[in-house]
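Below is my_file_28.txt, which holds compact mmCIF, C-alpha atoms.
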```
# COMPACT_ATOMS: atom_id res chain seq x y z
CA MET V 267 13.64 -47.84 -14.12
CA ASP V 268 14.00 -45.11 -16.66
CA GLY V 269 15.37 -41.62 -16.01
CA ASP V 270 11.91 -40.01 -16.08
CA PHE V 271 10.89 -41.77 -12.85
CA ARG V 272 13.62 -40.02 -10.85
CA THR V 273 13.26 -36.61 -12.45
CA GLN V 274 9.50 -36.36 -11.94
CA PHE V 275 10.11 -35.76 -8.23
CA VAL V 276 12.57 -32.92 -8.77
CA ARG V 277 11.02 -29.45 -8.70
CA ASP V 278 11.02 -27.82 -12.08
CA PRO V 279 12.08 -24.15 -11.63
CA ALA V 280 9.72 -23.12 -14.44
CA GLY V 281 6.91 -24.93 -12.64
CA LEU V 282 7.51 -22.89 -9.51
CA LYS V 283 6.63 -19.74 -11.44
CA GLN V 284 3.14 -20.94 -12.33
CA PHE V 285 1.37 -20.29 -9.02
CA PRO V 286 3.48 -18.12 -6.71
CA ALA V 287 1.98 -17.14 -3.36
CA LEU V 288 2.27 -13.57 -2.11
CA VAL V 289 3.62 -13.67 1.45
CA LEU V 290 2.32 -11.05 3.88
CA ASN V 291 3.62 -10.28 7.35
CA ALA V 292 1.23 -10.65 10.30
CA ASP V 293 0.23 -6.98 9.78
CA TYR V 294 -0.95 -7.83 6.23
CA ARG V 295 1.88 -5.94 4.52
CA PRO V 296 4.23 -7.71 2.10
CA LEU V 297 7.44 -8.86 3.75
CA SER V 298 9.26 -7.16 0.92
CA TYR V 299 8.55 -5.14 -2.20
CA TYR V 300 12.11 -5.48 -3.47
CA PRO V 301 11.89 -8.20 -4.59
CA LEU V 302 8.24 -8.90 -3.93
CA SER V 303 7.90 -11.55 -1.22
CA LEU V 304 6.73 -14.64 -3.12
CA TRP V 305 6.89 -18.34 -2.29
CA PRO V 306 6.45 -21.29 -4.63
CA TRP V 307 3.02 -22.86 -4.12
CA GLN V 308 4.65 -25.96 -2.57
CA ASP V 309 6.20 -23.89 0.22
CA ALA V 310 2.91 -22.06 0.83
CA ILE V 311 0.99 -25.33 1.20
CA LYS V 312 3.68 -26.76 3.47
CA ALA V 313 3.56 -23.65 5.70
CA ALA V 314 -0.25 -23.88 5.85
CA VAL V 315 -0.14 -27.56 6.83
CA LEU V 316 2.44 -26.71 9.53
CA ASP V 317 0.07 -23.95 10.76
CA ARG V 318 2.63 -21.17 10.17
CA VAL V 319 0.45 -19.17 7.79
CA GLN V 320 -3.18 -18.37 7.19
CA ILE V 321 -4.41 -18.67 3.60
CA VAL V 322 -6.41 -15.56 2.62
CA ALA V 323 -6.76 -16.08 -1.14
CA GLU V 324 -6.50 -19.08 -3.46
CA TYR V 325 -6.11 -19.86 -7.14
CA ASP V 326 -8.81 -21.81 -8.94
CA HIS V 327 -6.49 -24.82 -9.23
CA VAL V 328 -6.01 -27.77 -6.90
CA VAL V 329 -3.21 -30.21 -6.18
CA ARG V 330 -3.76 -33.66 -4.77
CA SER V 331 -1.74 -35.89 -2.53
CA GLN V 332 -2.58 -39.48 -1.77
CA ARG V 333 -5.01 -38.46 0.99
CA HIS V 334 -5.74 -34.74 0.54
CA GLU V 335 -6.77 -32.16 -1.99
CA PHE V 336 -5.53 -28.57 -1.64
CA ARG V 337 -6.53 -25.41 -3.44
CA ILE V 338 -3.33 -23.61 -4.35
CA PRO V 339 -2.81 -20.51 -2.12
CA SER V 340 -2.25 -17.18 -3.89
CA VAL V 341 -1.93 -15.04 -0.72
CA VAL V 342 -0.73 -16.22 2.69
CA VAL V 343 -0.26 -14.29 5.95
CA LEU V 344 2.39 -15.24 8.50
CA LYS V 345 0.94 -16.02 11.92
CA GLU V 346 3.96 -14.48 13.68
CA PHE V 347 5.19 -10.97 12.91
CA VAL V 348 8.65 -10.78 11.31
CA ARG V 349 10.46 -7.59 12.26
CA PRO V 350 11.60 -5.68 9.14
CA GLN V 351 15.32 -5.34 8.49
CA LYS V 352 16.97 -2.19 9.81
CA ARG V 353 19.50 -1.89 6.99
CA VAL V 354 19.37 -2.57 3.28
CA ALA V 355 21.75 -5.22 1.92
CA PHE V 356 24.31 -3.89 -0.57
CA THR V 357 23.48 -5.93 -3.68
CA ARG V 358 23.50 -5.16 -7.40
CA PHE V 359 19.69 -5.29 -7.53
CA ASN V 360 19.29 -2.99 -4.52
CA LEU V 361 21.80 -0.55 -6.00
CA PHE V 362 19.81 -0.40 -9.26
CA LEU V 363 16.59 -0.04 -7.27
CA ARG V 364 18.05 2.80 -5.17
CA ASP V 365 19.06 4.57 -8.40
CA GLU V 366 15.62 3.79 -9.91
CA PHE V 367 17.13 1.72 -12.73
CA CYS V 368 18.67 4.73 -14.47
CA CYS V 369 22.19 5.95 -15.13
CA GLN V 370 23.28 8.45 -12.51
CA TYR V 371 25.33 10.37 -15.09
CA CYS V 372 23.02 10.78 -18.11
CA GLY V 373 19.66 9.44 -16.89
CA SER V 374 19.29 6.68 -19.50
CA LYS V 375 17.48 3.51 -18.48
CA GLY V 376 19.02 0.80 -20.66
CA ASP V 377 22.12 -1.38 -20.52
CA LEU V 378 23.01 -0.65 -16.88
CA THR V 379 26.12 -1.63 -15.02
CA PHE V 380 27.65 -0.03 -11.94
CA ASP V 381 30.47 2.46 -11.53
CA HIS V 382 32.79 3.45 -8.70
CA VAL V 383 32.56 7.25 -8.42
CA LEU V 384 36.07 7.38 -6.98
CA PRO V 385 37.74 4.59 -9.02
CA ARG V 386 39.12 1.63 -7.13
CA SER V 387 42.50 2.30 -8.76
CA ARG V 388 42.51 5.61 -6.85
CA GLY V 389 41.50 4.12 -3.51
CA GLY V 390 37.72 4.09 -3.96
CA ILE V 391 35.83 1.38 -2.11
CA THR V 392 32.78 -0.66 -3.02
CA SER V 393 30.08 0.88 -0.84
CA TRP V 394 26.73 2.64 -1.02
CA GLU V 395 28.57 5.99 -0.86
CA ASN V 396 30.87 5.28 -3.82
CA VAL V 397 28.96 3.07 -6.29
CA VAL V 398 26.19 4.18 -8.66
CA ALA V 399 24.20 2.71 -11.54
CA ALA V 400 25.70 3.74 -14.87
CA CYS V 401 24.99 2.95 -18.51
CA SER V 402 27.80 1.30 -20.46
CA PRO V 403 28.66 4.41 -22.55
CA CYS V 404 29.01 6.60 -19.45
CA ASN V 405 30.97 3.91 -17.62
CA LEU V 406 33.35 3.58 -20.58
CA LYS V 407 33.69 7.37 -20.90
CA LYS V 408 34.53 7.77 -17.22
CA GLY V 409 36.81 4.76 -17.01
CA SER V 410 39.25 5.04 -14.11
CA LYS V 411 39.18 8.82 -14.03
CA THR V 412 37.52 11.16 -11.54
CA LEU V 413 34.33 13.04 -12.39
CA ARG V 414 36.27 16.32 -12.57
CA GLN V 415 38.80 14.87 -15.05
CA VAL V 416 36.07 13.80 -17.51
CA GLY V 417 33.70 16.71 -16.84
CA MET V 418 30.80 14.54 -15.69
CA GLN V 419 28.32 15.14 -12.87
CA LEU V 420 26.10 12.86 -10.80
CA LYS V 421 22.31 13.31 -10.86
CA ARG V 422 22.38 12.90 -7.05
CA PRO V 423 25.11 11.96 -4.58
CA PRO V 424 25.20 8.27 -3.67
CA ARG V 425 24.25 7.31 -0.11
CA PRO V 426 22.92 4.30 1.80
CA PRO V 427 19.14 3.99 1.27
CA SER V 428 16.73 3.47 4.15
CA PRO V 429 14.40 0.45 4.13
CA GLU V 430 11.46 2.85 3.76
CA GLU V 431 12.99 4.44 0.66
CA MET V 432 13.58 1.02 -0.86
CA GLN V 433 9.98 -0.01 -0.15
CA ALA V 434 8.78 3.15 -1.91
CA HIS V 435 11.08 2.51 -4.89
CA GLY V 436 10.00 -1.13 -4.99
CA ARG V 437 6.35 -0.14 -5.34
CA ARG V 438 7.24 1.80 -8.50
CA PHE V 439 8.86 -1.23 -10.11
CA PRO V 440 6.46 -4.15 -9.63
CA PRO V 441 7.34 -7.57 -11.02
CA ASN V 442 6.15 -8.54 -14.50
CA HIS V 443 3.33 -10.64 -13.09
CA LEU V 444 0.85 -9.44 -10.46
CA HIS V 445 -2.06 -11.77 -9.81
CA GLU V 446 -5.42 -10.03 -9.34
CA SER V 447 -5.82 -11.61 -5.87
CA TRP V 448 -2.70 -9.73 -4.69
CA MET V 449 -3.90 -6.21 -5.50
CA ASP V 450 -5.84 -5.69 -2.28
CA TYR V 451 -2.68 -6.40 -0.26
CA LEU V 452 0.06 -4.61 -2.19
CA TYR V 453 -0.73 -0.93 -2.01
CA TRP V 454 -3.07 -0.41 0.96
CA ASP V 455 -0.27 1.15 3.01
CA ALA V 456 0.59 3.70 0.33
CA GLU V 457 -0.19 7.35 0.99
CA LEU V 458 -3.32 8.57 -0.79
CA ASP V 459 -3.12 11.44 -3.27
CA ALA V 460 -4.88 14.63 -2.16
```
Could you quickly redo this structure as structure tokens?
Amino acid sequence: MDGDFRTQFVRDPAGLKQFPALVLNADYRPLSYYPLSLWPWQDAIKAAVLDRVQIVAEYDHVVRSQRHEFRIPSVVVLKEFVRPQKRVAFTRFNLFLRDEFCCQYCGSKGDLTFDHVLPRSRGGITSWENVVAACSPCNLKKGSKTLRQVGMQLKRPPRPPSPEEMQAHGRRFPPNHLHESWMDYLYWDAELDA
């Protein structure tokens, strides 16, 4: 047997991006906006076969097994409600999302890294209250000095975000691809403008 026979059964990560399924909680809200709750189409079909989700929208494409043909799900709803998390995980992505993907010193939006407000060399810890998004020039300028020593100020003081704040921020930064079948489910819980 040649190598192609074995590799054809391995999931191709690029292939998983072709038909993602939006995953909604039992209340028809996305499980997450940050990142948007998406499953590969294989997982969505498996969950449907196991009767864990209801399919509410489908792509125009089908996949076939030896005995069945399935339209690829584009939106699925969990049959059991999943309680939202009470706290937001401290990750690089969530930190950038909290700070709306802009430097907390100068406001620029490109080339972001993170900075310890009170440098670690001076006893600062890695926490929501001491780490902010910063552009490389500001991070280099500040270095291991305090804000007072370099004459810099924060746009807003760092603090732990609430899950509701993160959901609101996540809505402002949607992923690069939003399928038209998802639109009815993504923003229906947003407050209407007066």
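Nearest to Asp326 in chain V of all the residues V:Ser447, V:Val343, V:Cys401, V:Ser428 is V:Ser447, counting only C-alpha atoms.
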Ile338 in chain V environment, 6 Å, only C-alpha atoms, sequence neighbours closer than 3 positions dropped, as an NGL selection string: :V and (324-325 or 327-328)
Shell around Lys375 in chain V at 12 Å using all atoms listed in the file, local window under 4 positions removed, as an NGL selection string: :V and (362-363 or 365-371 or 379 or 399-404)
Length of the CA of Val397 in chain V to CA of Gln351 in chain V vector [Å]: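 Interatomic distance, CA of Val397 in chain V to CA of Gln351 in chain V: 21.8 Å.
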Selected residue of minimal separation from Glu431 in chain V among V:Gln308, V:Cys372, V:Val354, V:Asp317, counting all atoms listed in the file: V:Val354
For CA of Ser340 in chain V and CA of Gln284 in chain V, the interatomic separation in Å (one decimal): 10.7 Å
